[in-house]
file protein.cif (mmCIF, C-alpha atoms)
data_input
loop_
_atom_site.label_atom_id
_atom_site.label_comp_id
_atom_site.auth_asym_id
_atom_site.auth_seq_id
_atom_site.Cartn_x
_atom_site.Cartn_y
_atom_site.Cartn_z
CA MET A 1 261.52 94.70 55.70
CA ASN A 2 259.44 91.94 57.31
CA LYS A 3 256.38 93.21 55.46
CA LYS A 4 258.20 93.00 52.12
CA ILE A 5 259.31 89.43 52.85
CA GLY A 6 255.76 88.58 53.91
CA ASN A 7 254.44 89.93 50.60
CA ILE A 8 256.73 87.54 48.73
CA PHE A 9 256.23 84.43 50.87
CA LYS A 10 252.46 84.52 51.08
CA GLY A 11 250.22 81.66 52.06
CA ASP A 12 250.33 79.12 54.86
CA LYS A 13 253.47 79.62 56.96
CA VAL A 14 253.62 76.00 58.11
CA ILE A 15 253.74 74.76 54.51
CA TRP A 16 256.47 77.30 53.80
CA MET A 17 258.47 75.93 56.75
CA VAL A 18 258.01 72.34 55.53
CA PHE A 19 259.10 73.41 52.05
CA PHE A 20 262.14 75.22 53.47
CA PHE A 21 263.29 72.23 55.55
CA LEU A 22 262.84 69.81 52.64
CA CYS A 23 264.90 72.08 50.35
CA MET A 24 267.68 72.44 52.94
CA ILE A 25 267.79 68.67 53.54
CA SER A 26 267.84 68.19 49.77
CA ILE A 27 270.86 70.45 49.23
CA VAL A 28 272.86 68.83 52.05
CA GLU A 29 272.03 65.22 51.17
CA VAL A 30 272.33 65.58 47.39
CA PHE A 31 275.75 67.18 47.90
CA SER A 32 276.76 64.20 50.04
CA ALA A 33 275.17 61.53 47.82
CA SER A 34 276.58 62.81 44.51
CA SER A 35 280.05 61.31 44.96
CA ASN A 36 279.68 59.11 41.87
CA LEU A 37 278.64 62.09 39.76
CA THR A 38 281.57 64.21 40.96
CA TYR A 39 283.99 61.35 40.29
CA LYS A 40 282.72 60.80 36.76
CA SER A 41 282.64 64.48 35.87
CA GLN A 42 285.85 65.33 37.78
CA ASN A 43 283.93 68.39 38.95
CA TYR A 44 283.51 68.46 42.71
CA MET A 45 281.01 71.33 42.84
CA GLY A 46 279.23 70.85 39.50
CA PRO A 47 276.36 68.51 40.56
CA ILE A 48 275.47 70.44 43.71
CA ILE A 49 275.64 73.80 41.91
CA TYR A 50 273.25 72.44 39.28
CA HIS A 51 270.89 71.09 41.94
CA SER A 52 271.02 74.30 43.97
CA VAL A 53 270.15 76.29 40.84
CA MET A 54 267.20 73.95 40.22
CA ILE A 55 266.05 74.49 43.81
CA MET A 56 266.28 78.27 43.42
CA VAL A 57 264.41 78.16 40.11
CA GLY A 58 261.81 75.97 41.84
CA VAL A 59 261.38 78.51 44.64
CA VAL A 60 260.82 81.25 42.05
CA VAL A 61 258.27 79.03 40.30
CA ALA A 62 256.53 78.39 43.63
CA VAL A 63 256.36 82.13 44.39
CA VAL A 64 254.98 82.88 40.91
CA THR A 65 252.42 80.06 41.15
CA LEU A 66 251.15 81.05 44.59
CA ASN A 67 250.31 84.49 43.20
CA VAL A 68 248.03 82.94 40.56
CA PRO A 69 244.42 83.03 41.80
CA CYS A 70 243.04 79.53 42.16
CA ARG A 71 240.25 80.09 39.62
CA TYR A 72 242.81 80.56 36.83
CA PHE A 73 244.08 77.00 37.27
CA LYS A 74 240.82 75.85 35.69
CA LEU A 75 241.59 77.80 32.52
CA MET A 76 244.94 76.03 32.19
CA THR A 77 243.45 72.52 32.24
CA PRO A 78 242.53 72.14 28.52
CA PHE A 79 245.97 73.35 27.42
CA LEU A 80 247.73 71.07 29.90
CA LEU A 81 245.64 68.11 28.72
CA ILE A 82 246.68 68.68 25.12
CA LEU A 83 250.31 69.21 26.14
CA SER A 84 250.31 66.03 28.26
CA ALA A 85 248.82 63.90 25.49
CA LEU A 86 251.24 65.18 22.85
CA THR A 87 254.35 64.85 25.01
CA LEU A 88 253.41 61.38 26.31
CA LEU A 89 253.06 60.17 22.71
CA TRP A 90 256.25 62.00 21.74
CA VAL A 91 258.33 60.37 24.50
CA LEU A 92 257.20 56.89 23.42
CA VAL A 93 258.30 57.50 19.82
CA GLY A 94 261.28 59.81 20.13
CA GLY A 95 262.15 60.06 23.80
CA GLU A 96 265.59 59.56 25.32
CA SER A 97 266.32 56.38 27.26
CA ILE A 98 267.08 56.45 30.99
CA ASN A 99 267.77 53.09 32.65
CA GLY A 100 266.24 51.20 29.74
CA ALA A 101 263.03 53.22 29.35
CA ASN A 102 261.99 56.19 27.20
CA ARG A 103 261.13 58.72 29.89
CA VAL A 104 262.50 62.13 28.89
CA ILE A 105 262.28 64.50 25.95
CA SER A 106 265.22 66.63 24.92
CA LEU A 107 264.34 70.06 23.57
CA MET A 108 266.80 72.89 22.91
CA GLY A 109 269.35 71.46 25.31
CA PHE A 110 266.83 70.87 28.10
CA THR A 111 265.22 67.58 29.12
CA PHE A 112 261.89 67.08 30.83
CA GLN A 113 259.65 64.19 31.81
CA PRO A 114 256.15 64.39 30.31
CA SER A 115 254.83 62.14 33.09
CA GLU A 116 255.50 64.90 35.63
CA ILE A 117 253.26 67.29 33.70
CA ALA A 118 250.62 64.58 33.19
CA LYS A 119 250.38 63.85 36.93
CA GLY A 120 249.52 67.43 37.86
CA THR A 121 247.16 67.70 34.90
CA MET A 122 245.20 64.62 36.02
CA VAL A 123 244.83 66.07 39.52
CA LEU A 124 243.51 69.32 37.99
CA VAL A 125 241.04 67.45 35.77
CA THR A 126 239.82 65.25 38.61
CA ALA A 127 239.38 68.23 40.93
CA GLN A 128 237.30 70.03 38.29
CA ILE A 129 235.08 67.05 37.53
CA LEU A 130 234.46 66.27 41.20
CA SER A 131 233.74 69.89 42.07
CA ALA A 132 231.44 70.45 39.09
CA MET A 133 229.44 67.29 39.77
CA GLN A 134 229.03 67.50 43.55
CA ARG A 135 225.52 66.98 44.87
CA GLU A 136 224.14 67.05 48.40
CA THR A 137 224.51 63.26 48.66
CA GLY A 138 227.96 63.15 47.05
CA ALA A 139 229.42 63.14 43.54
CA ASP A 140 227.16 62.41 40.59
CA ARG A 141 227.54 58.86 39.26
CA LYS A 142 228.69 60.24 35.91
CA ALA A 143 231.76 61.82 37.53
CA PHE A 144 233.27 58.35 37.98
CA LYS A 145 232.90 57.62 34.27
CA TYR A 146 234.32 60.95 33.13
CA ILE A 147 237.36 60.64 35.39
CA LEU A 148 238.15 57.11 34.16
CA MET A 149 237.75 58.20 30.53
CA ILE A 150 240.77 60.49 30.98
CA LEU A 151 242.67 58.54 33.65
CA LEU A 152 242.87 55.17 31.87
CA PRO A 153 244.52 56.36 28.61
CA THR A 154 246.85 58.67 30.56
CA THR A 155 248.07 55.95 32.92
CA PHE A 156 248.37 53.51 30.00
CA LEU A 157 250.68 55.87 28.09
CA ILE A 158 252.76 56.50 31.23
CA GLY A 159 252.78 52.85 32.28
CA ILE A 160 254.32 51.55 29.07
CA GLU A 161 257.68 52.98 30.11
CA ASN A 162 257.14 53.94 33.77
CA LEU A 163 254.82 51.53 35.53
CA SER A 164 255.45 52.83 39.06
CA THR A 165 254.50 56.40 38.10
CA ALA A 166 251.31 55.17 36.45
CA ALA A 167 250.41 53.13 39.55
CA LEU A 168 251.15 56.09 41.82
CA LEU A 169 248.96 58.42 39.75
CA PHE A 170 246.12 55.89 39.68
CA ALA A 171 246.30 55.50 43.47
CA VAL A 172 246.16 59.28 44.02
CA ILE A 173 243.15 59.71 41.72
CA VAL A 174 241.33 56.84 43.47
CA LEU A 175 241.97 58.57 46.82
CA MET A 176 240.63 61.83 45.35
CA MET A 177 237.47 60.06 44.21
CA PHE A 178 237.03 58.65 47.70
CA ILE A 179 237.46 62.13 49.21
CA GLY A 180 235.11 63.51 46.53
CA ARG A 181 232.37 61.12 47.71
CA VAL A 182 232.08 59.08 44.54
CA PRO A 183 229.38 56.43 45.21
CA MET A 184 230.80 53.53 47.22
CA MET A 185 229.20 51.00 44.89
CA GLN A 186 231.28 52.36 42.01
CA MET A 187 234.41 52.50 44.18
CA GLY A 188 233.87 48.91 45.28
CA LYS A 189 233.55 47.72 41.70
CA LEU A 190 236.69 49.62 40.76
CA VAL A 191 238.66 48.03 43.62
CA GLY A 192 237.44 44.58 42.58
CA VAL A 193 238.39 45.11 38.95
CA LEU A 194 241.77 46.51 39.99
CA ALA A 195 242.47 43.47 42.18
CA VAL A 196 241.76 41.10 39.29
CA ALA A 197 243.74 43.27 36.86
CA VAL A 198 246.77 43.40 39.20
CA VAL A 199 246.81 39.61 39.62
CA ALA A 200 246.47 39.07 35.86
CA PHE A 201 249.14 41.65 35.10
CA VAL A 202 251.62 40.20 37.60
CA ALA A 203 251.07 36.73 36.10
CA LEU A 204 251.64 38.16 32.61
CA VAL A 205 254.81 39.91 33.75
CA ILE A 206 256.15 36.72 35.35
CA ILE A 207 255.49 34.68 32.20
CA LEU A 208 256.45 37.13 29.47
CA GLY A 209 259.25 38.65 31.56
CA GLY A 210 260.91 35.24 31.78
CA VAL A 211 260.59 34.75 28.02
CA GLU A 212 261.96 38.23 27.32
CA GLU A 213 264.87 37.74 29.72
CA SER A 214 265.83 34.46 28.09
CA ARG A 215 265.71 36.03 24.65
CA ALA A 216 267.70 39.05 25.75
CA THR A 217 270.32 36.88 27.46
CA ALA A 218 270.70 34.82 24.32
CA GLU A 219 271.30 37.99 22.33
CA ASN A 220 273.77 39.35 24.91
CA HIS A 221 271.49 42.24 25.95
CA MET A 222 271.28 43.33 29.55
CA THR A 223 267.54 43.72 29.99
CA GLU A 224 267.72 44.51 33.70
CA THR A 225 269.19 47.94 32.95
CA VAL A 226 268.60 49.09 36.51
CA ALA A 227 271.86 47.31 37.24
CA GLN A 228 273.61 49.63 34.81
CA PRO A 229 272.75 53.17 35.94
CA GLY A 230 275.51 54.62 33.80
CA GLY A 231 274.88 52.33 30.85
CA ASP A 232 275.25 53.06 27.18
CA PRO A 233 272.19 54.98 25.87
CA ALA A 234 272.65 53.47 22.41
CA ALA A 235 272.56 49.97 23.90
CA ASP A 236 269.43 50.90 25.85
CA LYS A 237 267.82 52.10 22.62
CA ASP A 238 268.68 48.84 20.85
CA ALA A 239 267.25 46.80 23.73
CA ILE A 240 264.02 48.80 23.67
CA LYS A 241 263.57 48.35 19.93
CA ALA A 242 264.35 44.64 20.15
CA GLY A 243 261.90 44.04 22.99
CA GLY A 244 259.05 46.15 21.64
CA VAL A 245 256.30 46.88 24.16
CA PHE A 246 257.52 44.01 26.37
CA HIS A 247 261.08 45.24 26.88
CA ARG A 248 260.33 46.34 30.47
CA PHE A 249 258.71 43.06 31.51
CA ALA A 250 261.96 41.34 32.48
CA THR A 251 262.93 44.26 34.73
CA TRP A 252 259.50 44.28 36.41
CA ARG A 253 259.61 40.48 36.82
CA ASN A 254 263.01 40.50 38.52
CA ARG A 255 262.00 43.31 40.86
CA ILE A 256 258.85 41.46 41.93
CA LEU A 257 260.60 38.11 42.42
CA LYS A 258 263.48 39.65 44.38
CA HIS A 259 261.15 41.55 46.69
CA PHE A 260 258.97 38.56 47.53
CA ASN A 261 261.87 36.13 47.90
CA ASN A 262 261.82 35.50 51.67
CA GLU A 263 264.60 32.92 51.67
CA ASP A 264 267.11 33.50 54.48
CA VAL A 265 270.58 33.79 52.99
CA PRO A 266 273.66 33.75 55.25
CA ALA A 267 275.72 36.92 55.03
CA GLU A 268 278.68 35.08 53.50
CA ASN A 269 276.47 33.68 50.72
CA TYR A 270 274.61 36.92 49.92
CA ASP A 271 275.22 37.97 46.32
CA LEU A 272 275.84 41.70 46.70
CA GLU A 273 276.58 42.08 43.00
CA GLU A 274 273.19 40.74 41.98
CA ASN A 275 271.22 42.53 44.72
CA PHE A 276 273.41 45.59 44.94
CA GLN A 277 270.63 48.20 45.30
CA VAL A 278 268.72 46.51 48.12
CA GLY A 279 271.92 45.15 49.67
CA HIS A 280 273.76 48.47 49.92
CA ALA A 281 270.57 50.25 51.06
CA ASN A 282 270.24 47.71 53.89
CA ILE A 283 273.89 48.20 54.84
CA ALA A 284 273.37 51.97 54.96
CA ILE A 285 270.33 51.59 57.21
CA ALA A 286 271.87 48.92 59.46
CA SER A 287 274.99 51.03 60.10
CA SER A 288 273.08 54.25 60.90
CA GLY A 289 272.11 54.04 64.56
CA ILE A 290 269.92 56.60 66.35
CA ILE A 291 271.71 59.78 65.26
CA GLY A 292 273.59 58.50 62.19
CA LYS A 293 277.12 59.13 61.01
CA GLY A 294 276.60 62.83 60.39
CA PRO A 295 276.05 64.79 57.15
CA GLY A 296 278.68 64.02 54.53
CA ASN A 297 279.93 60.86 56.26
CA SER A 298 278.01 58.26 54.28
CA VAL A 299 279.97 55.22 53.11
CA GLU A 300 277.31 53.53 50.99
CA ARG A 301 276.85 56.56 48.72
CA ASP A 302 279.96 55.36 46.86
CA TYR A 303 278.38 51.96 46.16
CA LEU A 304 274.65 52.61 45.95
CA PRO A 305 273.45 53.52 42.41
CA GLN A 306 271.05 56.47 42.28
CA ALA A 307 272.06 57.39 45.84
CA PHE A 308 271.20 61.01 45.01
CA SER A 309 267.78 60.10 43.61
CA ASP A 310 265.82 56.88 44.10
CA PHE A 311 267.72 55.74 47.22
CA ILE A 312 268.49 59.07 48.84
CA TYR A 313 266.33 58.15 51.84
CA ALA A 314 268.75 55.30 52.64
CA ILE A 315 271.59 57.86 52.65
CA ILE A 316 269.52 60.17 54.87
CA ILE A 317 269.06 57.32 57.36
CA GLU A 318 272.78 56.47 57.25
CA GLU A 319 273.86 60.07 57.87
CA MET A 320 271.02 61.42 60.03
CA GLY A 321 270.01 58.21 61.78
CA ILE A 322 266.55 57.07 62.78
CA LEU A 323 265.76 60.49 64.24
CA GLY A 324 266.60 62.26 60.96
CA ALA A 325 264.63 59.73 58.93
CA ALA A 326 261.62 60.17 61.24
CA PHE A 327 261.90 63.95 60.92
CA VAL A 328 261.79 63.73 57.10
CA ALA A 329 258.72 61.47 57.24
CA PHE A 330 257.15 63.86 59.76
CA LEU A 331 257.56 66.78 57.33
CA TYR A 332 255.46 64.99 54.71
CA ILE A 333 252.83 64.13 57.32
CA VAL A 334 252.64 67.80 58.34
CA LEU A 335 252.27 68.79 54.67
CA LEU A 336 249.29 66.46 54.24
CA TYR A 337 247.76 67.52 57.57
CA ARG A 338 248.01 71.22 56.77
CA ALA A 339 246.56 70.64 53.30
CA ALA A 340 243.59 68.86 54.88
CA ARG A 341 243.07 71.73 57.33
CA ILE A 342 243.18 74.28 54.50
CA ALA A 343 240.79 72.18 52.40
CA SER A 344 238.30 72.18 55.28
CA ARG A 345 238.32 76.01 55.23
CA CYS A 346 237.68 76.30 51.48
CA GLU A 347 234.23 77.62 50.59
CA ASN A 348 234.34 76.07 47.10
CA ASN A 349 234.91 72.45 46.19
CA PHE A 350 237.50 72.92 43.43
CA PRO A 351 240.31 74.41 45.57
CA ALA A 352 239.63 71.86 48.31
CA PHE A 353 239.95 68.92 45.91
CA LEU A 354 242.95 70.52 44.18
CA ILE A 355 244.98 71.02 47.36
CA MET A 356 244.20 67.50 48.58
CA GLY A 357 245.13 66.00 45.21
CA LEU A 358 248.45 67.83 44.95
CA SER A 359 249.44 67.09 48.54
CA LEU A 360 248.52 63.43 48.09
CA LEU A 361 250.59 63.34 44.91
CA LEU A 362 253.67 64.46 46.86
CA VAL A 363 253.04 62.43 50.01
CA VAL A 364 252.09 59.15 48.32
CA GLN A 365 255.19 59.33 46.12
CA ALA A 366 257.33 60.08 49.17
CA THR A 367 255.78 57.10 50.95
CA PHE A 368 256.58 54.80 48.01
CA ASN A 369 260.17 56.05 47.90
CA MET A 370 260.72 55.56 51.63
CA MET A 371 259.13 52.10 51.58
CA VAL A 372 261.48 51.05 48.77
CA ALA A 373 264.52 52.38 50.63
CA VAL A 374 263.71 50.36 53.76
CA GLY A 375 262.72 47.23 51.83
CA LEU A 376 258.93 47.36 52.30
CA ALA A 377 258.18 47.64 48.56
CA PRO A 378 259.81 46.50 45.31
CA VAL A 379 262.26 48.87 43.63
CA THR A 380 260.16 51.41 41.74
CA GLY A 381 262.52 54.16 40.58
CA GLN A 382 260.47 56.92 42.22
CA PRO A 383 262.49 59.91 43.53
CA LEU A 384 261.80 61.46 46.92
CA PRO A 385 259.78 64.64 46.16
CA LEU A 386 261.56 67.94 46.88
CA ILE A 387 264.64 66.10 48.17
CA SER A 388 266.02 63.89 45.39
CA LYS A 389 268.23 65.42 42.72
CA GLY A 390 266.23 66.30 39.63
CA GLY A 391 265.46 68.86 36.97
CA THR A 392 261.87 68.68 35.73
CA SER A 393 260.59 66.88 38.82
CA THR A 394 262.13 69.43 41.20
CA ILE A 395 260.65 72.43 39.39
CA ILE A 396 257.22 70.86 38.89
CA ASN A 397 257.04 69.70 42.51
CA CYS A 398 257.81 73.28 43.53
CA ALA A 399 254.96 74.40 41.25
CA TYR A 400 252.69 71.98 43.15
CA ILE A 401 253.76 73.61 46.42
CA GLY A 402 253.02 77.00 44.85
CA ALA A 403 249.51 75.86 43.89
CA ILE A 404 248.95 74.52 47.42
CA LEU A 405 250.03 77.89 48.84
CA SER A 406 247.75 79.67 46.37
CA VAL A 407 244.78 77.68 47.71
CA SER A 408 245.88 78.44 51.28
CA ARG A 409 245.84 82.16 50.45
CA SER A 410 242.31 82.07 49.03
CA ALA A 411 241.05 79.93 51.92
CA LYS A 412 242.58 82.35 54.42
CA MET A 413 241.05 85.36 52.65
CA ASN A 414 237.63 83.68 52.50
CA LYS A 415 237.83 82.93 56.22
CA ALA A 416 238.77 86.56 56.97
CA VAL A 417 235.90 87.88 54.83
CA LYS A 418 233.46 85.52 56.54
CA GLU A 419 234.60 86.67 60.00
CA ILE A 420 234.15 90.32 58.98
CA ASN A 421 230.63 89.62 57.65
CA ASP A 422 229.71 87.76 60.82
#
call {"tool": "encode", "arguments": {"input": "protein.cif", "output": "structure tokens"}}
result
Amino acid sequence: MNKKIGNIFKGDKVIWMVFFFLCMISIVEVFSASSNLTYKSQNYMGPIIYHSVMIMVGVVVAVVTLNVPCRYFKLMTPFLLILSALTLLWVLVGGESINGANRVISLMGFTFQPSEIAKGTMVLVTAQILSAMQRETGADRKAFKYILMILLPTTFLIGIENLSTAALLFAVIVLMMFIGRVPMMQMGKLVGVLAVAVVAFVALVIILGGVEESRATAENHMTETVAQPGGDPAADKDAIKAGGVFHRFATWRNRILKHFNNEDVPAENYDLEENFQVGHANIAIASSGIIGKGPGNSVERDYLPQAFSDFIYAIIIEEMGILGAAFVAFLYIVLLYRAARIASRCENNFPAFLIMGLSLLLVVQATFNMMVAVGLAPVTGQPLPLISKGGTSTIINCAYIGAILSVSRSAKMNKAVKEIND
């Protein structure tokens, strides 16, 4: 019996344990944080049943993926590149609006986010380029150019509607280039250009965002749609068409200004209606204590929009306390550490870069989400990987875990073969 189970759950056992704990925490916390969804649907079990099914489908996807030999991932890259490009263009033209941005495509009753596919594809492409162009002294100088030729248009298409995802992907690819020993002169120039570009972009957002907000207010449009998580999709569509490519600037501007506003406001003067996301997240954290209120006992889940998604870490802190929050963060650290250990055992460069890229993709996103929840970063709308409620993101993140486990299998087999030969 144990042998049969072992044949199914192959690969690194520590990563399997991390995956298991994250899934269990996800089911418990999503069930607790979905009070708004159950109230609206008048179906107490509906949201958690849907999420549990997504988790189970994700586990199946992970098991299937881990049984795919690592070399076959290379063959998938051209097809995934074409699929990513087509779907990213499709979502801009005919995608469905979520919180004021075209982010999902509806097809035969199912919805998916093209950006989730594009993120994994970019990691695959980068891993292939870096592995193919490795020299004794590091990566060939041309690798930097080839990576940027694919990365820049991809992040541009994603960033039009989902700036935080584009920034996250760019950060992960830069880290991969650093790990892949891209010449430091090129990396230094890239960092310099990025610094200038970020300053210029923030200035543009502040200026044009103010203009767009004034225009939208005059026309009675609520541009800051993050304040209307259950808003009218038709109204979102109208706002997007009216604002053109700048319709997200007002939202970005307000998020930046709110985050960097360090003015001390007395509790009695704090506008909880205007700052409801950050305000209720802070209340959840402040009322948690060391061990929290216990699973299912959150109060702020009834007031905090996207409590089951973007701000689920605040609910985890409220219910599980500082110890529970630290344990969740520890799981992601273990995932990255184990991936690094496995990468060091890989005999070939491609699987090593692939496992580091995929683990960084999950861990960097988790870091962003947790920083937002505790007020260390502006609101970004990034879910907590493998914990937040989701459809496409849950399944694709499970596929990433499957690919990581696939690399761990090949690295383990290579190590065993090497020991036998020695």
call {"tool": "closest_residue", "arguments": {"input": "protein.cif", "among": "A:Met56, A:Val18, A:Ile48, A:Ala139", "to": "Ala329 (chain A)", "atoms": "all atoms listed in the file"}}
result
A:Val18
call {"tool": "resolve_selection", "arguments": {"input": "protein.cif", "expression": "the PyMOL selection byres ((chain A and resi 80-91) around 12)", "output": "PyMOL selection string"}}
result
chain A and resi 73-79+92-98+101-107+111-126+150-151+153-162
call {"tool": "residues_around", "arguments": {"input": "protein.cif", "residues": "Gly402 (chain A)", "least_positions_apart": "6", "cutoff": "9 Å", "atoms": "only C-alpha atoms", "output": "list in words"}}
result
Val59, Val61, Ala62, Val63, Val64, Thr65, Leu66, Asn67 and Val68 of chain A
call {"tool": "residues_around", "arguments": {"input": "protein.cif", "residues": "Asp12 (chain A)", "least_positions_apart": "3", "cutoff": "12 Å", "atoms": "only C-alpha atoms", "output": "compact mmCIF listing (two decimals) with C-alpha atoms, in the coordinates of the input"}}
result
# COMPACT_ATOMS: atom_id res chain seq x y z
CA GLY A 6 255.76 88.58 53.91
CA PHE A 9 256.23 84.43 50.87
CA ILE A 15 253.74 74.76 54.51
CA TRP A 16 256.47 77.30 53.80
CA MET A 17 258.47 75.93 56.75
CA VAL A 18 258.01 72.34 55.53
CA PHE A 19 259.10 73.41 52.05
CA LEU A 66 251.15 81.05 44.59
CA LEU A 335 252.27 68.79 54.67
CA ARG A 338 248.01 71.22 56.77
CA ALA A 339 246.56 70.64 53.30
CA ARG A 341 243.07 71.73 57.33
CA ILE A 342 243.18 74.28 54.50
CA ILE A 401 253.76 73.61 46.42
CA GLY A 402 253.02 77.00 44.85
CA ALA A 403 249.51 75.86 43.89
CA ILE A 404 248.95 74.52 47.42
CA LEU A 405 250.03 77.89 48.84
CA SER A 406 247.75 79.67 46.37
CA VAL A 407 244.78 77.68 47.71
CA SER A 408 245.88 78.44 51.28
CA ARG A 409 245.84 82.16 50.45
CA SER A 410 242.31 82.07 49.03
CA ALA A 411 241.05 79.93 51.92
CA LYS A 412 242.58 82.35 54.42
CA MET A 413 241.05 85.36 52.65
call {"tool": "atom_distance", "arguments": {"input": "protein.cif", "atom1": "CA of Ser34 (chain A)", "atom2": "CA of Ala325 (chain A)"}}
result
19.0 Å
call {"tool": "residues_around", "arguments": {"input": "protein.cif", "residues": "Phe144 (chain A)", "least_positions_apart": "5", "cutoff": "10 Å", "atoms": "only C-alpha atoms", "output": "ChimeraX atom specification"}}
result
/A:126,129-130,133,139,149,174,177,182-183,186-187,190
call {"tool": "residues_around", "arguments": {"input": "protein.cif", "residues": "region 358-375 of chain A", "least_positions_apart": "3", "cutoff": "9 Å", "atoms": "all atoms listed in the file", "output": "MDAnalysis selection string"}}
result
chainID A and resid 119:120 123:124 165 168:169 171:173 175:176 259 278 281:282 285 310:314 329 332:333 335:336 339:340 353:355 378:386 397 400:401 403:404
call {"tool": "residues_around", "arguments": {"input": "protein.cif", "residues": "region 315-317 of chain A", "least_positions_apart": "2", "cutoff": "8 Å", "atoms": "all atoms listed in the file", "output": "list in words"}}
result
Glu29, Ala33, Ala281, Ala284, Ile285, Ser288, Gly292, Ser298, Glu300, Arg301, Ala307, Phe311, Ile312, Tyr313, Glu319, Met320, Gly321, Ile322, Gly324 and Ala325 of chain A
call {"tool": "atom_distance", "arguments": {"input": "protein.cif", "atom1": "CA of Ala195 (chain A)", "atom2": "CA of Leu376 (chain A)"}}
result
19.7 Å
